[in-house]
Number of protein chains: 2
Amino acid sequence: MISRATADIEQVRRFNRTVARRIGVINDRFLGRGRPFGESRALFEIGTDGIEVRELRIRLGLDSGYMSRLLRALEKDGLIKTTATPGDARVRYASLTPKGQKEWNEIDRRSDDVATSILAPLDERRREDLLSAMARIERLLRASSVMIAAEPADSPTAQWCLQQYFDLLNARFDGGYNPANAQPADAHDFTPPKGVFLIARATGEPVGCGALKSAGPGIGEIKRVWVAESARGLGIGQRLLEELEEAALGFGQKCIRLDTNRSLTEAGALYRKNGYREVPAFNDDPYPDHWFEKVLG
Amino acid sequence: MISRATADIEQVRRFNRTVARRIGVINDRFLGRGRPFGESRALFEIGTDGIEVRELRIRLGLDSGYMSRLLRALEKDGLIKTTATPGDARVRYASLTPKGQKEWNEIDRRSDDVATSILAPLDERRREDLLSAMARIERLLRASSVMIAAEPADSPTAQWCLQQYFDLLNARFDGGYNPANAQPADAHDFTPPKGVFLIARATGEPVGCGALKSAGPGIGEIKRVWVAESARGLGIGQRLLEELEEAALGFGQKCIRLDTNRSLTEAGALYRKNGYREVPAFNDDPYPDHWFEKVLG
DNA sequence: ATATTTATCTGACTAAAGTCAGAGAATGAT
DNA sequence: ATCATTCTCTGACTTTAGTCAGATAAATAT
């Protein structure tokens with residue numbers, strides 16, 4: 001008997017093979033335009049707006065020597081020019097010449113042709129079916145590539161996430177939100193061994209955060225749970241919560257509490273679903289109107 | 001305003017990018033095991049059962065000289081051995097040594113790991129959603145890669161398709177089917193400028209056929225419409241029918257007729273959907289019990 | 001029996017992709 | 001002011017991938 005998990009894995013592998021073949025093959029060679037693939041790729045990434053060479057190197061994952069040579073080749077063909085960046089003369093900035101822009105448009109058109117060639121043979125119904133399945137796959141692959149990791153709460157990324165969180169509260173709450181009026185909690189509170197600050201990232205971009213601090217012996221408090229608008233519905237909140245609880249157990253916190261506001265409907269639902277039960281107010285913060293607690297284990 | 005078609009194309013391109021990144025990257029390098037990618041691919045394709053070198057070359061699409069060198073390299077590493085095939089000493093047969101089998105298992109395991117790493121971060125509901133979308137995409141990409149082309153009706157592939165068709169009739173009809181009792185129609189009838197024989201192929205494999213012959217001045221007759229079991233529901237019958245009608249117009253046939261049997265339910269539905277209307281019997285063939293006609297244009 | 005075709009192999013290439021060790025200029029840290 | 005770091009560039013490589021023109025042996029066609 002083939003187990004459920006085995007069949008699932010087989011399905012994923014089959015998908016990988018089919019799609020890699022159908023897309024990879026067409027893409028790679030078809031888009032080449034006689035030019036080495038590496039050059040085309042670089043040209044395409046430089047794009048209409050240009051790009052810092054440093055950034056380009058990271059995106060394509062190339063050795064700096066190799067990158068330099070690629071750019072030299074494109075330059076010699078009159079497709080791009082490189083200039084120093086205003087702020088930092090070490091960093092070079094690559095941008096398309098008019099000739100390069102033409103070439104770029106051609107690559108772009110071919111990309112469209114590839115897409116069209118996939119859709120063309122299908123009738124309306126199947127086409128829509130394919131498109132909706134593609135949208136779903138994209139979204140779910142995005143979800144599956146989200147990584148959650150602890151980071152210092154005072155790191156620039158963490159600060160950025162917090163700002164997003166505060167902006168959200170400010171938009172949702174009647175009368176806005178001002179962190180100065182709320183219970184203070186600084187980076188120190190969200191640092192092991194008493195707390196932690198988690199950041200969820202999708203392909204490098206931060207898309208969510210969540211924090212844990214101590215609220216007395218054996219008690220943890222969850223704060224700052226935020227998921228970017230663009231990444232809602234991917235189960236990131238759930239995963240953050242699970243990881244926060246795990247961290248709490250690691251710190252010996254057997255009880256977790258948190259507060260929230262009724263305008264944060266998704267958060268309320270998440271907590272209830274995960275076995276948090278409502279308790280009387282345990283603080284007199286001006287913003288929360290619901291208080292929850294859960295005993296772990 | 002962005003047109004509907006443009007948005008669709010954008011969706012396909014976005015999908016291609018996402019999938020190529022998430023799967024392509026992991027697959028290619030992660031599965032490499034320090035070995036050149038070409039060698040790994042060959043090793044994997046040789047697989048547990050071994051394979052004829054000829055077949056392997058076709059599958060990987062490699063030059064025979066290059067293929068030979070790849071095999072020599074794998075042989076030198078003690079991963080495979082090659083022997084002559086019993087029937088034909090020109091053809092070499094490549095198979096894994098025990099060491100090669102171990103290596104193969106490792107690649108296989110890594111493939112599983114890649115699949116698992118995609119599924120693992122998702123909860124049950126999203127996992128199922130992803131898997132079903134993958135199955136759908138696979139199927140629809142298969143449909144979109146089906147090519148229809150005219151071929152001589154006496155080619156081996158055409159003969160093979162016809163045999164499949166007759167086998168199907170034989171299985172479906174009460175009392176079976178014997179082409180000798182039916183109206184004769186030979187390769188000559190299905191040849192331009194009076195007829196044509198179309199074959200639908202998916203990645204090289206024939207998955208359907210359909211034929212057109214003349215049935216008098218300005219009248220065409222469609223025969224031998226068959227779609228492989230494994231390729232039903234992909235719209236191939238519809239596409240064959242459309243291309244046959246187009247061919248008929250090209251031959252100046254303004255009226256098309258055809259006969260069928262009630263046991264071929266899909267065919268009947270297809271004809272009705274495409275505007276064929278039932279007419280009195282126009283032949284006394286023993287097998288058909290429904291006769292259709294359509295005026296083109 | 002001879003010619004042709006098929007499958008593989010070898011040698012001699014080329015192009016593309018990528019690595020590594022510095023060098024040099026600009027910037028940031030102390 | 002000095003030192004370390006960052007970013008790019010150059011030269012000198014290697015590896016991978018692939019092509020092309022025969023050579024060879026076995027099988028097939030005439």
# chains A, B, ... in the order shown; residues from 1 in each chain; ligands from 1
$ interface_residues --of "chain D" --to "chain A" --cutoff "8 Å" --atoms "only C-alpha atoms (C1' of nucleotides)" --output "ChimeraX atom specification"
/D:6-9
$ calpha_fit_and_write --fixed "chain B" --moving "chain A" --output "compact mmCIF listing (two decimals) with C-alpha atoms, in the first residue's frame"
# COMPACT_ATOMS: atom_id res chain seq x y z
CA MET A 1 -6.55 49.96 -19.19
CA ILE A 2 -4.94 46.57 -19.17
CA SER A 3 -6.66 44.17 -21.51
CA ARG A 4 -7.85 40.77 -20.42
CA ALA A 5 -5.30 38.96 -22.60
CA THR A 6 -2.43 41.03 -21.22
CA ALA A 7 -3.41 40.21 -17.66
CA ASP A 8 -3.57 36.52 -18.55
CA ILE A 9 -0.13 36.60 -20.09
CA GLU A 10 1.19 38.41 -17.04
CA GLN A 11 -0.24 35.69 -14.83
CA VAL A 12 1.47 32.97 -16.85
CA ARG A 13 4.77 34.82 -16.80
CA ARG A 14 4.54 35.41 -13.07
CA PHE A 15 3.83 31.73 -12.56
CA ASN A 16 6.79 30.79 -14.73
CA ARG A 17 9.10 33.01 -12.74
CA THR A 18 7.91 31.88 -9.32
CA VAL A 19 7.87 28.22 -10.10
CA ALA A 20 11.07 28.20 -12.08
CA ARG A 21 12.82 29.86 -9.19
CA ARG A 22 11.35 27.77 -6.40
CA ILE A 23 11.67 24.45 -8.18
CA GLY A 24 14.60 25.05 -10.45
CA VAL A 25 16.87 26.31 -7.74
CA ILE A 26 16.10 23.55 -5.29
CA ASN A 27 16.19 20.82 -7.87
CA ASP A 28 19.30 21.73 -9.77
CA ARG A 29 21.85 22.23 -7.07
CA PHE A 30 20.29 20.34 -4.22
CA LEU A 31 20.19 17.09 -6.14
CA GLY A 32 23.75 17.37 -7.36
CA ARG A 33 25.55 15.29 -4.72
CA GLY A 34 28.84 17.03 -5.59
CA ARG A 35 28.62 15.41 -9.01
CA PRO A 36 28.26 17.53 -12.16
CA PHE A 37 24.62 18.11 -12.90
CA GLY A 38 24.84 16.46 -16.30
CA GLU A 39 26.17 13.26 -14.79
CA SER A 40 23.45 13.17 -12.14
CA ARG A 41 20.82 13.70 -14.75
CA ALA A 42 22.18 10.88 -16.89
CA LEU A 43 22.49 8.60 -13.88
CA PHE A 44 18.92 9.31 -12.89
CA GLU A 45 17.55 8.71 -16.38
CA ILE A 46 19.41 5.43 -16.73
CA GLY A 47 17.41 4.38 -13.72
CA THR A 48 16.72 0.98 -12.26
CA ASP A 49 15.85 -0.60 -15.60
CA GLY A 50 18.73 0.73 -17.67
CA ILE A 51 18.29 2.37 -21.04
CA GLU A 52 19.64 2.35 -24.57
CA VAL A 53 22.32 5.00 -24.98
CA ARG A 54 20.61 6.21 -28.14
CA GLU A 55 17.36 6.77 -26.25
CA LEU A 56 19.18 8.44 -23.39
CA ARG A 57 20.90 10.84 -25.76
CA ILE A 58 17.61 11.85 -27.29
CA ARG A 59 15.94 12.30 -23.92
CA LEU A 60 18.66 14.53 -22.59
CA GLY A 61 19.20 16.20 -25.92
CA LEU A 62 22.96 15.80 -25.87
CA ASP A 63 25.67 15.56 -28.51
CA SER A 64 26.83 11.98 -28.98
CA GLY A 65 30.42 12.87 -28.15
CA TYR A 66 29.42 14.55 -24.94
CA MET A 67 27.11 11.70 -24.02
CA SER A 68 29.89 9.21 -24.54
CA ARG A 69 32.16 11.16 -22.22
CA LEU A 70 29.48 11.41 -19.54
CA LEU A 71 28.99 7.66 -19.63
CA ARG A 72 32.75 7.10 -19.51
CA ALA A 73 32.94 9.28 -16.39
CA LEU A 74 30.10 7.39 -14.68
CA GLU A 75 31.71 4.12 -15.68
CA LYS A 76 35.06 5.17 -14.25
CA ASP A 77 33.31 5.93 -10.95
CA GLY A 78 31.89 2.42 -11.04
CA LEU A 79 28.30 3.64 -11.15
CA ILE A 80 27.19 2.17 -14.46
CA LYS A 81 28.18 -0.45 -16.98
CA THR A 82 27.49 -0.49 -20.70
CA THR A 83 26.89 -3.54 -22.84
CA ALA A 84 25.87 -4.13 -26.44
CA THR A 85 22.15 -4.61 -27.06
CA PRO A 86 21.33 -8.20 -28.07
CA GLY A 87 19.57 -7.27 -31.30
CA ASP A 88 21.90 -4.59 -32.60
CA ALA A 89 25.54 -4.50 -31.58
CA ARG A 90 25.94 -0.85 -32.57
CA VAL A 91 23.51 0.27 -29.91
CA ARG A 92 24.92 0.31 -26.38
CA TYR A 93 22.85 -0.33 -23.32
CA ALA A 94 23.64 1.49 -20.07
CA SER A 95 22.60 0.10 -16.70
CA LEU A 96 23.38 0.75 -13.07
CA THR A 97 25.91 -1.24 -11.05
CA PRO A 98 24.93 -1.96 -7.43
CA LYS A 99 26.96 1.11 -6.43
CA GLY A 100 25.15 3.14 -9.07
CA GLN A 101 21.81 1.88 -7.79
CA LYS A 102 22.72 3.14 -4.33
CA GLU A 103 23.57 6.54 -5.75
CA TRP A 104 20.32 6.53 -7.69
CA ASN A 105 18.35 5.75 -4.55
CA GLU A 106 20.05 8.67 -2.87
CA ILE A 107 19.05 11.04 -5.68
CA ASP A 108 15.54 9.66 -5.53
CA ARG A 109 15.40 10.22 -1.78
CA ARG A 110 16.53 13.80 -2.25
CA SER A 111 13.86 14.34 -4.84
CA ASP A 112 11.39 13.21 -2.22
CA ASP A 113 12.95 15.59 0.29
CA VAL A 114 12.48 18.49 -2.10
CA ALA A 115 8.84 17.58 -2.46
CA THR A 116 8.45 17.18 1.28
CA SER A 117 10.08 20.53 1.95
CA ILE A 118 7.46 22.16 -0.22
CA LEU A 119 4.55 20.48 1.55
CA ALA A 120 5.83 20.56 5.12
CA PRO A 121 5.24 24.22 5.96
CA LEU A 122 1.61 24.07 4.86
CA ASP A 123 -1.33 23.04 6.96
CA GLU A 124 -3.64 20.26 5.83
CA ARG A 125 -6.10 22.49 4.01
CA ARG A 126 -3.47 24.42 2.06
CA ARG A 127 -1.58 21.26 1.29
CA GLU A 128 -4.62 19.72 -0.33
CA ASP A 129 -5.28 22.93 -2.16
CA LEU A 130 -1.73 22.97 -3.50
CA LEU A 131 -1.83 19.33 -4.57
CA SER A 132 -5.10 19.66 -6.41
CA ALA A 133 -3.90 22.80 -8.17
CA MET A 134 -0.72 20.97 -9.16
CA ALA A 135 -2.68 18.08 -10.58
CA ARG A 136 -4.79 20.51 -12.57
CA ILE A 137 -1.82 22.44 -13.89
CA GLU A 138 -0.09 19.27 -14.92
CA ARG A 139 -3.13 18.10 -16.79
CA LEU A 140 -3.72 21.43 -18.49
CA LEU A 141 -0.09 21.91 -19.44
CA ARG A 142 -0.27 18.48 -20.93
CA ALA A 143 -3.33 19.59 -22.88
CA SER A 144 -1.62 22.72 -24.04
CA SER A 145 1.39 20.83 -25.30
CA VAL A 146 -0.68 18.60 -27.55
CA MET A 147 0.21 19.20 -31.18
CA ILE A 148 -1.93 18.10 -34.08
CA ALA A 149 -0.33 17.35 -37.42
CA ALA A 150 -1.14 15.51 -40.63
CA GLU A 151 0.65 12.23 -41.22
CA PRO A 152 0.44 9.49 -43.84
CA ALA A 153 -2.40 7.18 -42.86
CA ASP A 154 -0.17 4.16 -43.40
CA SER A 155 2.60 5.34 -41.09
CA PRO A 156 3.30 3.03 -38.14
CA THR A 157 1.96 5.63 -35.71
CA ALA A 158 -1.25 6.05 -37.68
CA GLN A 159 -1.70 2.29 -37.80
CA TRP A 160 -1.15 2.10 -34.07
CA CYS A 161 -3.81 4.77 -33.47
CA LEU A 162 -6.25 2.95 -35.72
CA GLN A 163 -5.66 -0.26 -33.83
CA GLN A 164 -6.42 1.57 -30.57
CA TYR A 165 -9.58 2.92 -32.17
CA PHE A 166 -10.74 -0.48 -33.34
CA ASP A 167 -9.97 -1.97 -29.95
CA LEU A 168 -12.13 0.69 -28.36
CA LEU A 169 -15.03 0.00 -30.71
CA ASN A 170 -14.63 -3.71 -30.09
CA ALA A 171 -14.88 -3.13 -26.36
CA ARG A 172 -17.80 -0.69 -26.53
CA PHE A 173 -20.09 -2.29 -29.10
CA ASP A 174 -22.43 -5.10 -28.14
CA GLY A 175 -21.12 -8.04 -30.10
CA GLY A 176 -17.74 -6.42 -30.67
CA TYR A 177 -16.34 -4.81 -33.79
CA ASN A 178 -14.59 -6.23 -36.79
CA PRO A 179 -13.18 -3.72 -39.31
CA ALA A 180 -13.63 -6.32 -42.07
CA ASN A 181 -17.41 -5.99 -41.74
CA ALA A 182 -17.37 -2.20 -41.85
CA GLN A 183 -17.23 0.11 -44.82
CA PRO A 184 -13.71 -0.17 -46.13
CA ALA A 185 -11.46 2.90 -46.04
CA ASP A 186 -7.79 2.62 -46.70
CA ALA A 187 -4.78 4.92 -46.40
CA HIS A 188 -5.32 6.20 -49.92
CA ASP A 189 -8.70 7.74 -48.98
CA PHE A 190 -7.13 9.74 -46.16
CA THR A 191 -4.54 11.41 -48.36
CA PRO A 192 -4.61 14.95 -49.79
CA PRO A 193 -6.05 16.44 -51.85
CA LYS A 194 -9.23 14.54 -50.98
CA GLY A 195 -8.63 13.57 -47.41
CA VAL A 196 -6.22 13.77 -44.54
CA PHE A 197 -5.14 11.82 -41.48
CA LEU A 198 -4.40 13.88 -38.36
CA ILE A 199 -2.51 12.69 -35.32
CA ALA A 200 -2.47 14.46 -31.96
CA ARG A 201 0.71 14.02 -29.95
CA ALA A 202 1.67 14.96 -26.40
CA THR A 203 5.43 15.05 -25.91
CA GLY A 204 5.90 12.73 -28.82
CA GLU A 205 3.34 10.14 -27.71
CA PRO A 206 0.31 9.80 -29.98
CA VAL A 207 -2.85 10.52 -27.97
CA GLY A 208 -5.48 10.88 -30.64
CA CYS A 209 -6.32 10.79 -34.32
CA GLY A 210 -8.99 11.75 -36.78
CA ALA A 211 -9.44 11.29 -40.51
CA LEU A 212 -11.22 12.96 -43.39
CA LYS A 213 -12.09 11.44 -46.73
CA SER A 214 -14.13 12.51 -49.71
CA ALA A 215 -17.69 11.26 -49.95
CA GLY A 216 -18.60 12.74 -53.30
CA PRO A 217 -18.16 16.17 -54.89
CA GLY A 218 -17.97 18.88 -52.20
CA ILE A 219 -18.77 16.40 -49.47
CA GLY A 220 -16.32 15.24 -46.80
CA GLU A 221 -16.71 12.41 -44.35
CA ILE A 222 -15.08 12.32 -40.97
CA LYS A 223 -13.92 8.95 -39.67
CA ARG A 224 -11.63 7.36 -37.09
CA VAL A 225 -11.90 10.05 -34.43
CA TRP A 226 -10.15 8.59 -31.41
CA VAL A 227 -8.71 10.06 -28.22
CA ALA A 228 -6.58 8.00 -25.85
CA GLU A 229 -8.21 7.20 -22.52
CA SER A 230 -5.36 8.97 -20.68
CA ALA A 231 -5.92 12.16 -22.65
CA ARG A 232 -9.70 12.54 -22.47
CA GLY A 233 -11.15 15.75 -21.15
CA LEU A 234 -8.32 17.84 -22.55
CA GLY A 235 -10.30 19.15 -25.48
CA ILE A 236 -8.34 17.10 -27.98
CA GLY A 237 -11.42 15.73 -29.72
CA GLN A 238 -12.67 19.27 -30.19
CA ARG A 239 -9.38 20.39 -31.64
CA LEU A 240 -9.20 17.43 -33.99
CA LEU A 241 -12.68 18.16 -35.21
CA GLU A 242 -11.88 21.82 -35.80
CA GLU A 243 -8.77 20.96 -37.76
CA LEU A 244 -10.60 18.37 -39.81
CA GLU A 245 -13.26 20.91 -40.74
CA GLU A 246 -10.60 23.40 -41.68
CA ALA A 247 -8.93 20.80 -43.88
CA ALA A 248 -12.30 20.02 -45.49
CA LEU A 249 -12.82 23.67 -46.34
CA GLY A 250 -9.33 23.68 -47.85
CA PHE A 251 -10.36 20.76 -50.08
CA GLY A 252 -13.49 22.61 -51.15
CA GLN A 253 -15.79 20.37 -49.13
CA LYS A 254 -18.69 22.50 -47.95
CA CYS A 255 -20.61 19.73 -46.33
CA ILE A 256 -19.37 17.19 -43.83
CA ARG A 257 -21.05 14.03 -42.74
CA LEU A 258 -20.20 11.25 -40.36
CA ASP A 259 -21.73 8.29 -38.64
CA THR A 260 -21.40 7.06 -35.09
CA ASN A 261 -22.81 4.65 -32.57
CA ARG A 262 -24.82 5.53 -29.48
CA SER A 263 -22.30 3.71 -27.29
CA LEU A 264 -19.75 6.39 -28.20
CA THR A 265 -21.43 8.95 -26.01
CA GLU A 266 -18.56 11.46 -25.93
CA ALA A 267 -18.39 11.54 -29.72
CA GLY A 268 -22.14 12.12 -30.05
CA ALA A 269 -22.00 15.02 -27.63
CA LEU A 270 -19.00 16.51 -29.43
CA TYR A 271 -20.75 16.47 -32.78
CA ARG A 272 -23.97 17.98 -31.46
CA LYS A 273 -22.04 20.70 -29.67
CA ASN A 274 -20.33 21.60 -32.91
CA GLY A 275 -23.50 22.08 -34.88
CA TYR A 276 -23.85 18.68 -36.50
CA ARG A 277 -27.47 17.75 -36.94
CA GLU A 278 -28.84 14.27 -37.23
CA VAL A 279 -29.84 13.06 -40.68
CA PRO A 280 -31.28 9.83 -42.06
CA ALA A 281 -28.87 6.95 -42.61
CA PHE A 282 -26.64 7.63 -45.62
CA ASN A 283 -25.08 4.15 -45.60
CA ASP A 284 -25.99 0.65 -44.50
CA ASP A 285 -22.89 -0.07 -42.50
CA PRO A 286 -23.75 -2.57 -39.74
CA TYR A 287 -22.18 -0.59 -36.90
CA PRO A 288 -23.45 3.02 -36.90
CA ASP A 289 -26.89 3.91 -35.57
CA HIS A 290 -26.65 7.70 -35.82
CA TRP A 291 -25.77 9.80 -38.86
CA PHE A 292 -24.81 13.48 -38.75
CA GLU A 293 -24.24 16.29 -41.19
CA LYS A 294 -22.98 19.85 -41.04
CA VAL A 295 -22.75 22.54 -43.67
CA LEU A 296 -19.54 24.48 -43.17
CA GLY A 297 -18.89 28.22 -43.39
$ interface_residues --of "chain C" --to "chain A" --cutoff "10 Å" --atoms "only C-alpha atoms (C1' of nucleotides)" --output "number ranges by chain"
C: 15-20, 25-27
$ write_last_selection --atoms "C-alpha atoms (C1' of nucleotides)" --output "compact mmCIF listing (two decimals), in the first residue's frame"
# COMPACT_ATOMS: atom_id res chain seq x y z
C1' DA C 15 31.53 28.56 -26.26
C1' DA C 16 29.67 29.41 -21.95
C1' DA C 17 29.93 29.43 -17.13
C1' DG C 18 32.26 29.91 -13.30
C1' DT C 19 36.41 30.19 -9.81
C1' DC C 20 40.33 32.32 -7.54
C1' DA C 25 39.65 53.04 -5.45
C1' DA C 26 36.21 54.69 -2.24
C1' DT C 27 34.22 54.51 2.15
$ select_by_dssp --residues "stretch 140-281 of chain A" --states "helix (DSSP H, G or I)" --output "ChimeraX atom specification"
/A:140-144,156-172,179-181,187-190,229-231,236-250,265-273
$ select_by_dssp --residues "stretch 51-288 of chain B" --states "strand (DSSP E or B)" --output "PyMOL selection string"
chain B and resi 51-52+80-84+92-96+146-150+196-202+205-214+219-227+255-260+277-279
$ atom_distance --atom1 "atom C1' of C:DA1" --atom2 "atom C1' of D:DT30"
10.3 Å
$ atom_distance --atom1 "atom C1' of C:DA12" --atom2 "atom C1' of D:DA12"
23.3 Å
